[in-house]
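Engineer: Structure file query-v4.pdb (PDB, C-alpha atoms) is given on the next line.
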ATOM      1  CA  MET A   1     -61.096  14.416 -62.125  1.00  0.00           C
ATOM      2  CA  ALA A   2     -60.464  13.546 -65.771  1.00  0.00           C
ATOM      3  CA  ALA A   3     -63.370  12.874 -68.085  1.00  0.00           C
ATOM      4  CA  ALA A   4     -63.991   9.253 -69.037  1.00  0.00           C
ATOM      5  CA  LEU A   5     -62.885   8.223 -72.512  1.00  0.00           C
ATOM      6  CA  PRO A   6     -65.394   6.933 -75.004  1.00  0.00           C
ATOM      7  CA  ASN A   7     -65.221   3.134 -74.954  1.00  0.00           C
ATOM      8  CA  SER A   8     -63.771   2.749 -78.436  1.00  0.00           C
ATOM      9  CA  MET A   9     -61.291   5.629 -78.381  1.00  0.00           C
ATOM     10  CA  LEU A  10     -58.126   3.506 -78.105  1.00  0.00           C
ATOM     11  CA  ASP A  11     -59.514   0.107 -79.096  1.00  0.00           C
ATOM     12  CA  ASP A  12     -57.333  -0.188 -82.198  1.00  0.00           C
ATOM     13  CA  ALA A  13     -54.164   0.902 -80.369  1.00  0.00           C
ATOM     14  CA  SER A  14     -52.150  -1.674 -78.451  1.00  0.00           C
ATOM     15  CA  ILE A  15     -49.183  -2.058 -76.153  1.00  0.00           C
ATOM     16  CA  LEU A  16     -47.102  -2.375 -79.312  1.00  0.00           C
ATOM     17  CA  SER A  17     -48.504   0.974 -80.450  1.00  0.00           C
ATOM     18  CA  LEU A  18     -47.283   2.565 -77.227  1.00  0.00           C
ATOM     19  CA  ARG A  19     -43.875   0.914 -77.614  1.00  0.00           C
ATOM     20  CA  CYS A  20     -43.655   2.179 -81.198  1.00  0.00           C
ATOM     21  CA  PHE A  21     -44.522   5.716 -80.177  1.00  0.00           C
ATOM     22  CA  ALA A  22     -41.992   5.674 -77.322  1.00  0.00           C
ATOM     23  CA  ALA A  23     -39.275   4.298 -79.615  1.00  0.00           C
ATOM     24  CA  VAL A  24     -39.927   6.996 -82.231  1.00  0.00           C
ATOM     25  CA  VAL A  25     -39.684   9.692 -79.558  1.00  0.00           C
ATOM     26  CA  GLU A  26     -36.460   8.218 -78.170  1.00  0.00           C
ATOM     27  CA  THR A  27     -34.765   7.712 -81.538  1.00  0.00           C
ATOM     28  CA  GLN A  28     -36.405  10.689 -83.290  1.00  0.00           C
ATOM     29  CA  SER A  29     -36.788   8.450 -86.308  1.00  0.00           C
ATOM     30  CA  PHE A  30     -39.371   5.998 -87.588  1.00  0.00           C
ATOM     31  CA  SER A  31     -36.750   3.848 -89.312  1.00  0.00           C
ATOM     32  CA  SER A  32     -34.492   3.730 -86.223  1.00  0.00           C
ATOM     33  CA  ALA A  33     -37.483   2.851 -84.055  1.00  0.00           C
ATOM     34  CA  ALA A  34     -38.415   0.102 -86.523  1.00  0.00           C
ATOM     35  CA  ARG A  35     -34.892  -1.353 -86.389  1.00  0.00           C
ATOM     36  CA  GLN A  36     -34.908  -1.203 -82.589  1.00  0.00           C
ATOM     37  CA  LEU A  37     -38.283  -2.980 -82.401  1.00  0.00           C
ATOM     38  CA  ARG A  38     -37.510  -5.315 -85.311  1.00  0.00           C
ATOM     39  CA  LEU A  39     -40.542  -4.168 -87.244  1.00  0.00           C
ATOM     40  CA  ALA A  40     -41.104  -2.711 -90.687  1.00  0.00           C
ATOM     41  CA  PRO A  41     -41.024   1.105 -90.718  1.00  0.00           C
ATOM     42  CA  SER A  42     -44.529   1.083 -92.207  1.00  0.00           C
ATOM     43  CA  SER A  43     -45.759  -0.895 -89.193  1.00  0.00           C
ATOM     44  CA  VAL A  44     -44.262   1.621 -86.753  1.00  0.00           C
ATOM     45  CA  THR A  45     -45.861   4.459 -88.718  1.00  0.00           C
ATOM     46  CA  LYS A  46     -49.221   2.663 -88.643  1.00  0.00           C
ATOM     47  CA  HIS A  47     -49.082   2.176 -84.868  1.00  0.00           C
ATOM     48  CA  VAL A  48     -48.220   5.813 -84.199  1.00  0.00           C
ATOM     49  CA  ARG A  49     -50.996   6.971 -86.544  1.00  0.00           C
ATOM     50  CA  LEU A  50     -53.485   4.732 -84.684  1.00  0.00           C
ATOM     51  CA  ILE A  51     -52.710   6.531 -81.442  1.00  0.00           C
ATOM     52  CA  GLU A  52     -52.844   9.977 -83.027  1.00  0.00           C
ATOM     53  CA  LYS A  53     -56.136   9.126 -84.704  1.00  0.00           C
ATOM     54  CA  ALA A  54     -57.590   7.796 -81.451  1.00  0.00           C
ATOM     55  CA  VAL A  55     -56.723  10.924 -79.465  1.00  0.00           C
ATOM     56  CA  ASN A  56     -57.245  13.226 -82.447  1.00  0.00           C
ATOM     57  CA  VAL A  57     -54.025  15.113 -81.638  1.00  0.00           C
ATOM     58  CA  ALA A  58     -50.691  15.320 -83.468  1.00  0.00           C
ATOM     59  CA  LEU A  59     -48.100  13.829 -81.141  1.00  0.00           C
ATOM     60  CA  LEU A  60     -45.178  14.180 -83.558  1.00  0.00           C
ATOM     61  CA  HIS A  61     -44.039  16.809 -86.070  1.00  0.00           C
ATOM     62  CA  ARG A  62     -42.820  15.082 -89.198  1.00  0.00           C
ATOM     63  CA  THR A  63     -40.628  16.548 -91.906  1.00  0.00           C
ATOM     64  CA  THR A  64     -38.735  14.743 -94.640  1.00  0.00           C
ATOM     65  CA  ARG A  65     -35.567  14.951 -92.548  1.00  0.00           C
ATOM     66  CA  ARG A  66     -36.683  14.953 -88.965  1.00  0.00           C
ATOM     67  CA  VAL A  67     -39.228  13.843 -86.376  1.00  0.00           C
ATOM     68  CA  SER A  68     -39.850  15.934 -83.276  1.00  0.00           C
ATOM     69  CA  VAL A  69     -42.314  15.671 -80.423  1.00  0.00           C
ATOM     70  CA  THR A  70     -45.200  18.100 -79.925  1.00  0.00           C
ATOM     71  CA  GLU A  71     -46.055  19.403 -76.448  1.00  0.00           C
ATOM     72  CA  ALA A  72     -48.983  16.985 -76.320  1.00  0.00           C
ATOM     73  CA  GLY A  73     -46.611  14.250 -77.506  1.00  0.00           C
ATOM     74  CA  GLU A  74     -44.199  15.012 -74.635  1.00  0.00           C
ATOM     75  CA  ARG A  75     -46.965  14.623 -72.066  1.00  0.00           C
ATOM     76  CA  PHE A  76     -48.241  11.474 -73.769  1.00  0.00           C
ATOM     77  CA  TYR A  77     -44.698  10.076 -73.927  1.00  0.00           C
ATOM     78  CA  ASP A  78     -44.240  10.525 -70.169  1.00  0.00           C
ATOM     79  CA  GLN A  79     -47.486   8.640 -69.558  1.00  0.00           C
ATOM     80  CA  CYS A  80     -46.489   5.933 -72.061  1.00  0.00           C
ATOM     81  CA  LEU A  81     -43.256   5.303 -70.180  1.00  0.00           C
ATOM     82  CA  ALA A  82     -45.160   4.914 -66.917  1.00  0.00           C
ATOM     83  CA  ILE A  83     -47.715   2.573 -68.516  1.00  0.00           C
ATOM     84  CA  LEU A  84     -45.054   0.451 -70.229  1.00  0.00           C
ATOM     85  CA  ALA A  85     -43.041   0.228 -66.996  1.00  0.00           C
ATOM     86  CA  GLN A  86     -46.152  -1.014 -65.166  1.00  0.00           C
ATOM     87  CA  ILE A  87     -46.864  -3.585 -67.879  1.00  0.00           C
ATOM     88  CA  ASP A  88     -43.263  -4.823 -67.828  1.00  0.00           C
ATOM     89  CA  SER A  89     -43.356  -5.023 -64.036  1.00  0.00           C
ATOM     90  CA  ALA A  90     -46.619  -6.993 -64.092  1.00  0.00           C
ATOM     91  CA  VAL A  91     -45.191  -9.449 -66.628  1.00  0.00           C
ATOM     92  CA  LEU A  92     -42.008  -9.937 -64.589  1.00  0.00           C
ATOM     93  CA  GLU A  93     -44.083 -10.528 -61.471  1.00  0.00           C
ATOM     94  CA  VAL A  94     -46.166 -13.208 -63.179  1.00  0.00           C
ATOM     95  CA  ILE A  95     -43.033 -14.863 -64.575  1.00  0.00           C
ATOM     96  CA  ALA A  96     -41.392 -14.796 -61.135  1.00  0.00           C
ATOM     97  CA  GLU A  97     -44.450 -16.462 -59.575  1.00  0.00           C
ATOM     98  CA  LYS A  98     -44.218 -19.224 -62.165  1.00  0.00           C
ATOM     99  CA  GLU A  99     -40.535 -19.889 -61.504  1.00  0.00           C
ATOM    100  CA  LEU A 100     -39.579 -22.800 -59.357  1.00  0.00           C
ATOM    101  CA  SER A 101     -38.531 -21.705 -55.896  1.00  0.00           C
ATOM    102  CA  GLY A 102     -37.903 -23.103 -52.444  1.00  0.00           C
ATOM    103  CA  HIS A 103     -35.508 -25.443 -50.743  1.00  0.00           C
ATOM    104  CA  LEU A 104     -34.579 -28.829 -52.211  1.00  0.00           C
ATOM    105  CA  ARG A 105     -32.853 -31.428 -50.079  1.00  0.00           C
ATOM    106  CA  VAL A 106     -31.230 -34.296 -52.022  1.00  0.00           C
ATOM    107  CA  THR A 107     -29.226 -37.289 -50.822  1.00  0.00           C
ATOM    108  CA  ALA A 108     -27.026 -39.465 -53.002  1.00  0.00           C
ATOM    109  CA  PRO A 109     -24.134 -41.915 -52.620  1.00  0.00           C
ATOM    110  CA  PRO A 110     -20.654 -40.373 -53.003  1.00  0.00           C
ATOM    111  CA  SER A 111     -19.848 -42.026 -56.351  1.00  0.00           C
ATOM    112  CA  PHE A 112     -23.138 -40.891 -57.950  1.00  0.00           C
ATOM    113  CA  ALA A 113     -22.885 -37.389 -56.452  1.00  0.00           C
ATOM    114  CA  ALA A 114     -19.362 -36.920 -57.804  1.00  0.00           C
ATOM    115  CA  ALA A 115     -19.923 -38.414 -61.247  1.00  0.00           C
ATOM    116  CA  MET A 116     -23.488 -37.404 -62.096  1.00  0.00           C
ATOM    117  CA  LEU A 117     -24.602 -34.505 -59.900  1.00  0.00           C
ATOM    118  CA  GLY A 118     -21.374 -32.600 -59.339  1.00  0.00           C
ATOM    119  CA  PRO A 119     -20.791 -31.532 -62.945  1.00  0.00           C
ATOM    120  CA  HIS A 120     -24.359 -30.177 -63.255  1.00  0.00           C
ATOM    121  CA  ILE A 121     -25.059 -28.478 -59.909  1.00  0.00           C
ATOM    122  CA  GLN A 122     -23.759 -25.036 -60.928  1.00  0.00           C
ATOM    123  CA  ASP A 123     -25.836 -25.066 -64.137  1.00  0.00           C
ATOM    124  CA  PHE A 124     -28.915 -26.149 -62.180  1.00  0.00           C
ATOM    125  CA  LEU A 125     -28.488 -23.391 -59.593  1.00  0.00           C
ATOM    126  CA  ARG A 126     -27.874 -20.814 -62.321  1.00  0.00           C
ATOM    127  CA  GLU A 127     -31.028 -21.826 -64.193  1.00  0.00           C
ATOM    128  CA  TYR A 128     -33.178 -22.083 -61.061  1.00  0.00           C
ATOM    129  CA  ALA A 129     -31.800 -19.193 -59.040  1.00  0.00           C
ATOM    130  CA  ARG A 130     -34.750 -19.186 -56.644  1.00  0.00           C
ATOM    131  CA  ILE A 131     -34.035 -22.748 -55.458  1.00  0.00           C
ATOM    132  CA  SER A 132     -31.630 -23.423 -52.631  1.00  0.00           C
ATOM    133  CA  LEU A 133     -30.069 -26.854 -52.751  1.00  0.00           C
ATOM    134  CA  ASP A 134     -28.861 -28.997 -49.879  1.00  0.00           C
ATOM    135  CA  LEU A 135     -26.975 -32.041 -51.154  1.00  0.00           C
ATOM    136  CA  VAL A 136     -26.340 -34.748 -48.578  1.00  0.00           C
ATOM    137  CA  VAL A 137     -23.645 -37.117 -49.816  1.00  0.00           C
ATOM    138  CA  SER A 138     -23.733 -40.369 -47.857  1.00  0.00           C
ATOM    139  CA  SER A 139     -23.588 -44.125 -48.320  1.00  0.00           C
ATOM    140  CA  ASP A 140     -26.007 -44.577 -45.420  1.00  0.00           C
ATOM    141  CA  THR A 141     -29.719 -45.062 -45.971  1.00  0.00           C
ATOM    142  CA  PRO A 142     -31.276 -41.925 -44.480  1.00  0.00           C
ATOM    143  CA  ASP A 143     -34.568 -41.547 -42.648  1.00  0.00           C
ATOM    144  CA  LEU A 144     -36.339 -39.575 -45.376  1.00  0.00           C
ATOM    145  CA  ILE A 145     -39.018 -38.151 -43.095  1.00  0.00           C
ATOM    146  CA  ARG A 146     -36.860 -37.174 -40.135  1.00  0.00           C
ATOM    147  CA  ASN A 147     -34.105 -35.749 -42.368  1.00  0.00           C
ATOM    148  CA  ARG A 148     -36.687 -34.006 -44.567  1.00  0.00           C
ATOM    149  CA  ILE A 149     -35.208 -35.425 -47.769  1.00  0.00           C
ATOM    150  CA  ASP A 150     -37.061 -34.431 -50.956  1.00  0.00           C
ATOM    151  CA  VAL A 151     -35.103 -36.650 -53.348  1.00  0.00           C
ATOM    152  CA  ALA A 152     -33.130 -39.749 -52.400  1.00  0.00           C
ATOM    153  CA  ILE A 153     -30.937 -41.414 -54.994  1.00  0.00           C
ATOM    154  CA  ARG A 154     -29.997 -44.988 -54.152  1.00  0.00           C
ATOM    155  CA  LEU A 155     -28.023 -47.410 -56.274  1.00  0.00           C
TER
END
Can the structure in the file be given as structure tokens, please?
Structural biologist:
Amino acid sequence: MAAALPNSMLDDASILSLRCFAAVVETQSFSSAARQLRLAPSSVTKHVRLIEKAVNVALLHRTTRRVSVTEAGERFYDQCLAILAQIDSAVLEVIAEKELSGHLRVTAPPSFAAAMLGPHIQDFLREYARISLDLVVSSDTPDLIRNRIDVAIRL
């Protein structure tokens, strides 16, 4: 079992710090990583230094022409990718829960359905992909309860 970290060891590092480190490893350049992340190169350098300072290990070899990963940096990079993937997955899950979903049953008269709803249905379904839509086009007045109508448009 791994030893517990002191509470403040990575307090100054952030998810952005991990993303900066991963981008530097992948691009082998601080300036390329900065362009990719849309940050200033000095900011990327600061984030990577925060991590190295926190773990007290050089994760990258730097020369004036090149950046390469140390052995410790390789292992840390692999863990960073796993952590960032989990964070991204958690965010996507929360966003998906927030999205509208379910079945929507709508009834409208033919003239309104053709003129007002028809031109916008594809855009609606594209934007709200987790909603299934049942459009009942009829001039009759439906029994909203029995027909399980969610929205009835009457003119």
Engineer: Could you tell me which residues the PyMOL selection byres ((chain A and resi 78-88) around 12) grabs in this file, written as a ChimeraX atom specification?
Structural biologist: /A:14-23,25-26,51,69,71-77,89-95
Engineer: Written as a ChimeraX atom specification, which residues does the PyMOL selection byres ((chain A and resi 130) around 10) give for the file shown?
Structural biologist: /A:96,99-103,125-129,131-133
Engineer: Given the file shown, determine the residues that the PyMOL selection byres ((chain A and resi 65) around 12) selects; report them as a short mmCIF file (atom, residue, chain, number, x, y, z; two decimals) with C-alpha atoms, keeping the file's coordinate frame.
Structural biologist:
data_model
loop_
_atom_site.label_atom_id
_atom_site.label_comp_id
_atom_site.auth_asym_id
_atom_site.auth_seq_id
_atom_site.Cartn_x
_atom_site.Cartn_y
_atom_site.Cartn_z
CA GLN A 28 -36.40 10.69 -83.29
CA SER A 29 -36.79 8.45 -86.31
CA PHE A 30 -39.37 6.00 -87.59
CA SER A 31 -36.75 3.85 -89.31
CA HIS A 61 -44.04 16.81 -86.07
CA ARG A 62 -42.82 15.08 -89.20
CA THR A 63 -40.63 16.55 -91.91
CA THR A 64 -38.74 14.74 -94.64
CA ARG A 66 -36.68 14.95 -88.96
CA VAL A 67 -39.23 13.84 -86.38
CA SER A 68 -39.85 15.93 -83.28
#
Engineer: Under the rule that all atoms listed in the file are counted, which of A:Asp140, A:His47, A:Arg105, A:Glu97 is the nearest residue to Ala34 of chain A?
Structural biologist: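 Result for the nearest residue to Ala34 of chain A: A:His47.
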Engineer: So, counting only C-alpha atoms, which residue among A:Ala115, A:Val106, A:Ile153, A:Leu10 is closest to Asn56 of chain A?
Structural biologist: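 So, comparing all the options, the nearest one is A:Leu10.
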Engineer: Using only the atoms of segment 43-62 of chain A listed in the file, plus 6 Å on each side, state the axis-aligned box centre and edge lengths in Å rounded to one decimal, as AutoDock Vina command-line options.
Structural biologist:
--center_x -50.2 --center_y 8.0 --center_z -84.3 --size_x 26.8 --size_y 29.7 --size_z 21.7
Engineer: Find, counting only C-alpha atoms, the residue in A:Ala113, A:Val48, A:Leu135, A:Val24 that gets nearest to Arg148 of chain A.
Structural biologist: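 Closest candidate: A:Leu135.
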Engineer: Point out the residue among A:Val44, A:Val57, A:Val137, A:Leu37 with the least atom-to-atom distance to Ala114 of chain A, counting all atoms listed in the file.
Structural biologist: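 Among A:Val44, A:Val57, A:Val137, A:Leu37, it is A:Val137 that comes nearest to Ala114 of chain A.
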Engineer: What is the atom CA of Pro142 of chain A to atom CA of Ile121 of chain A distance in Å?
Structural biologist: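 For atom CA of Pro142 of chain A relative to atom CA of Ile121 of chain A, the distance reads 21.4 Å.
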Engineer: Just how far from atom CA of Arg146 of chain A is atom CA of Leu104 of chain A, in Å to one decimal?
Structural biologist: 14.9 Å
Engineer: Do you know which residues are at most 12 Å from Ser139 of chain A counting all atoms listed in the file, after dropping those on the same chain fewer than 4 positions away, and could you put them as number ranges by chain?
Structural biologist: A: 107-113, 152-155
Engineer: Using only C-alpha atoms, please write the residues we just selected to a file, as a PDB file, in the frame of the given file.
Structural biologist:
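New file result_13.pdb:
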ATOM      1  CA  THR A 107     -29.226 -37.289 -50.822  1.00  0.00           C
ATOM      2  CA  ALA A 108     -27.026 -39.465 -53.002  1.00  0.00           C
ATOM      3  CA  PRO A 109     -24.134 -41.915 -52.620  1.00  0.00           C
ATOM      4  CA  PRO A 110     -20.654 -40.373 -53.003  1.00  0.00           C
ATOM      5  CA  SER A 111     -19.848 -42.026 -56.351  1.00  0.00           C
ATOM      6  CA  PHE A 112     -23.138 -40.891 -57.950  1.00  0.00           C
ATOM      7  CA  ALA A 113     -22.885 -37.389 -56.452  1.00  0.00           C
ATOM      8  CA  ALA A 152     -33.130 -39.749 -52.400  1.00  0.00           C
ATOM      9  CA  ILE A 153     -30.937 -41.414 -54.994  1.00  0.00           C
ATOM     10  CA  ARG A 154     -29.997 -44.988 -54.152  1.00  0.00           C
ATOM     11  CA  LEU A 155     -28.023 -47.410 -56.274  1.00  0.00           C
TER      12      LEU A 155
END
Engineer: Would you mind reading off the distance between atom CA of Ser32 of chain A and atom CA of Ala58 of chain A, one decimal, in Å?
Structural biologist: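 For atom CA of Ser32 of chain A relative to atom CA of Ala58 of chain A, the distance reads 20.1 Å.
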Engineer: If I only have part of segment 63-81 of chain A, can you fill in N, CA and C atoms and write it as a PDB file, in the frame of the given file?
Structural biologist:
ATOM      1  N   THR A  63     -41.115  15.924 -90.681  1.00  0.00           N
ATOM      2  CA  THR A  63     -40.628  16.548 -91.906  1.00  0.00           C
ATOM      3  C   THR A  63     -39.900  15.451 -92.670  1.00  0.00           C
ATOM      4  N   THR A  64     -39.429  15.767 -93.855  1.00  0.00           N
ATOM      5  CA  THR A  64     -38.735  14.743 -94.640  1.00  0.00           C
ATOM      6  C   THR A  64     -37.408  14.352 -93.995  1.00  0.00           C
ATOM      7  N   ARG A  65     -36.867  15.233 -93.147  1.00  0.00           N
ATOM      8  CA  ARG A  65     -35.567  14.951 -92.548  1.00  0.00           C
ATOM      9  C   ARG A  65     -35.602  14.670 -91.059  1.00  0.00           C
ATOM     10  N   ARG A  66     -36.717  14.990 -90.424  1.00  0.00           N
ATOM     11  CA  ARG A  66     -36.683  14.953 -88.965  1.00  0.00           C
ATOM     12  C   ARG A  66     -38.048  14.659 -88.352  1.00  0.00           C
ATOM     13  N   VAL A  67     -38.024  14.059 -87.173  1.00  0.00           N
ATOM     14  CA  VAL A  67     -39.228  13.843 -86.376  1.00  0.00           C
ATOM     15  C   VAL A  67     -38.990  14.522 -85.038  1.00  0.00           C
ATOM     16  N   SER A  68     -39.956  15.323 -84.602  1.00  0.00           N
ATOM     17  CA  SER A  68     -39.850  15.934 -83.276  1.00  0.00           C
ATOM     18  C   SER A  68     -41.181  15.769 -82.558  1.00  0.00           C
ATOM     19  N   VAL A  69     -41.150  15.921 -81.256  1.00  0.00           N
ATOM     20  CA  VAL A  69     -42.314  15.671 -80.423  1.00  0.00           C
ATOM     21  C   VAL A  69     -43.061  16.976 -80.169  1.00  0.00           C
ATOM     22  N   THR A  70     -44.382  16.933 -80.271  1.00  0.00           N
ATOM     23  CA  THR A  70     -45.200  18.100 -79.925  1.00  0.00           C
ATOM     24  C   THR A  70     -45.308  18.187 -78.402  1.00  0.00           C
ATOM     25  N   GLU A  71     -45.846  19.283 -77.898  1.00  0.00           N
ATOM     26  CA  GLU A  71     -46.055  19.403 -76.448  1.00  0.00           C
ATOM     27  C   GLU A  71     -46.982  18.293 -75.949  1.00  0.00           C
ATOM     28  N   ALA A  72     -48.058  18.066 -76.698  1.00  0.00           N
ATOM     29  CA  ALA A  72     -48.983  16.985 -76.320  1.00  0.00           C
ATOM     30  C   ALA A  72     -48.260  15.639 -76.380  1.00  0.00           C
ATOM     31  N   GLY A  73     -47.385  15.480 -77.373  1.00  0.00           N
ATOM     32  CA  GLY A  73     -46.611  14.250 -77.506  1.00  0.00           C
ATOM     33  C   GLY A  73     -45.671  14.034 -76.335  1.00  0.00           C
ATOM     34  N   GLU A  74     -45.073  15.113 -75.821  1.00  0.00           N
ATOM     35  CA  GLU A  74     -44.199  15.012 -74.635  1.00  0.00           C
ATOM     36  C   GLU A  74     -44.974  14.484 -73.437  1.00  0.00           C
ATOM     37  N   ARG A  75     -46.142  15.070 -73.206  1.00  0.00           N
ATOM     38  CA  ARG A  75     -46.965  14.623 -72.066  1.00  0.00           C
ATOM     39  C   ARG A  75     -47.410  13.176 -72.259  1.00  0.00           C
ATOM     40  N   PHE A  76     -47.809  12.840 -73.478  1.00  0.00           N
ATOM     41  CA  PHE A  76     -48.241  11.474 -73.769  1.00  0.00           C
ATOM     42  C   PHE A  76     -47.078  10.498 -73.615  1.00  0.00           C
ATOM     43  N   TYR A  77     -45.895  10.912 -74.050  1.00  0.00           N
ATOM     44  CA  TYR A  77     -44.698  10.076 -73.927  1.00  0.00           C
ATOM     45  C   TYR A  77     -44.407   9.754 -72.462  1.00  0.00           C
ATOM     46  N   ASP A  78     -44.478  10.754 -71.600  1.00  0.00           N
ATOM     47  CA  ASP A  78     -44.240  10.525 -70.169  1.00  0.00           C
ATOM     48  C   ASP A  78     -45.216   9.488 -69.614  1.00  0.00           C
ATOM     49  N   GLN A  79     -46.473   9.600 -70.006  1.00  0.00           N
ATOM     50  CA  GLN A  79     -47.486   8.640 -69.558  1.00  0.00           C
ATOM     51  C   GLN A  79     -47.233   7.252 -70.152  1.00  0.00           C
ATOM     52  N   CYS A  80     -46.804   7.221 -71.411  1.00  0.00           N
ATOM     53  CA  CYS A  80     -46.489   5.933 -72.061  1.00  0.00           C
ATOM     54  C   CYS A  80     -45.395   5.207 -71.302  1.00  0.00           C
ATOM     55  N   LEU A  81     -44.350   5.937 -70.912  1.00  0.00           N
ATOM     56  CA  LEU A  81     -43.256   5.303 -70.180  1.00  0.00           C
ATOM     57  C   LEU A  81     -43.758   4.698 -68.875  1.00  0.00           C
TER      58      LEU A  81
END
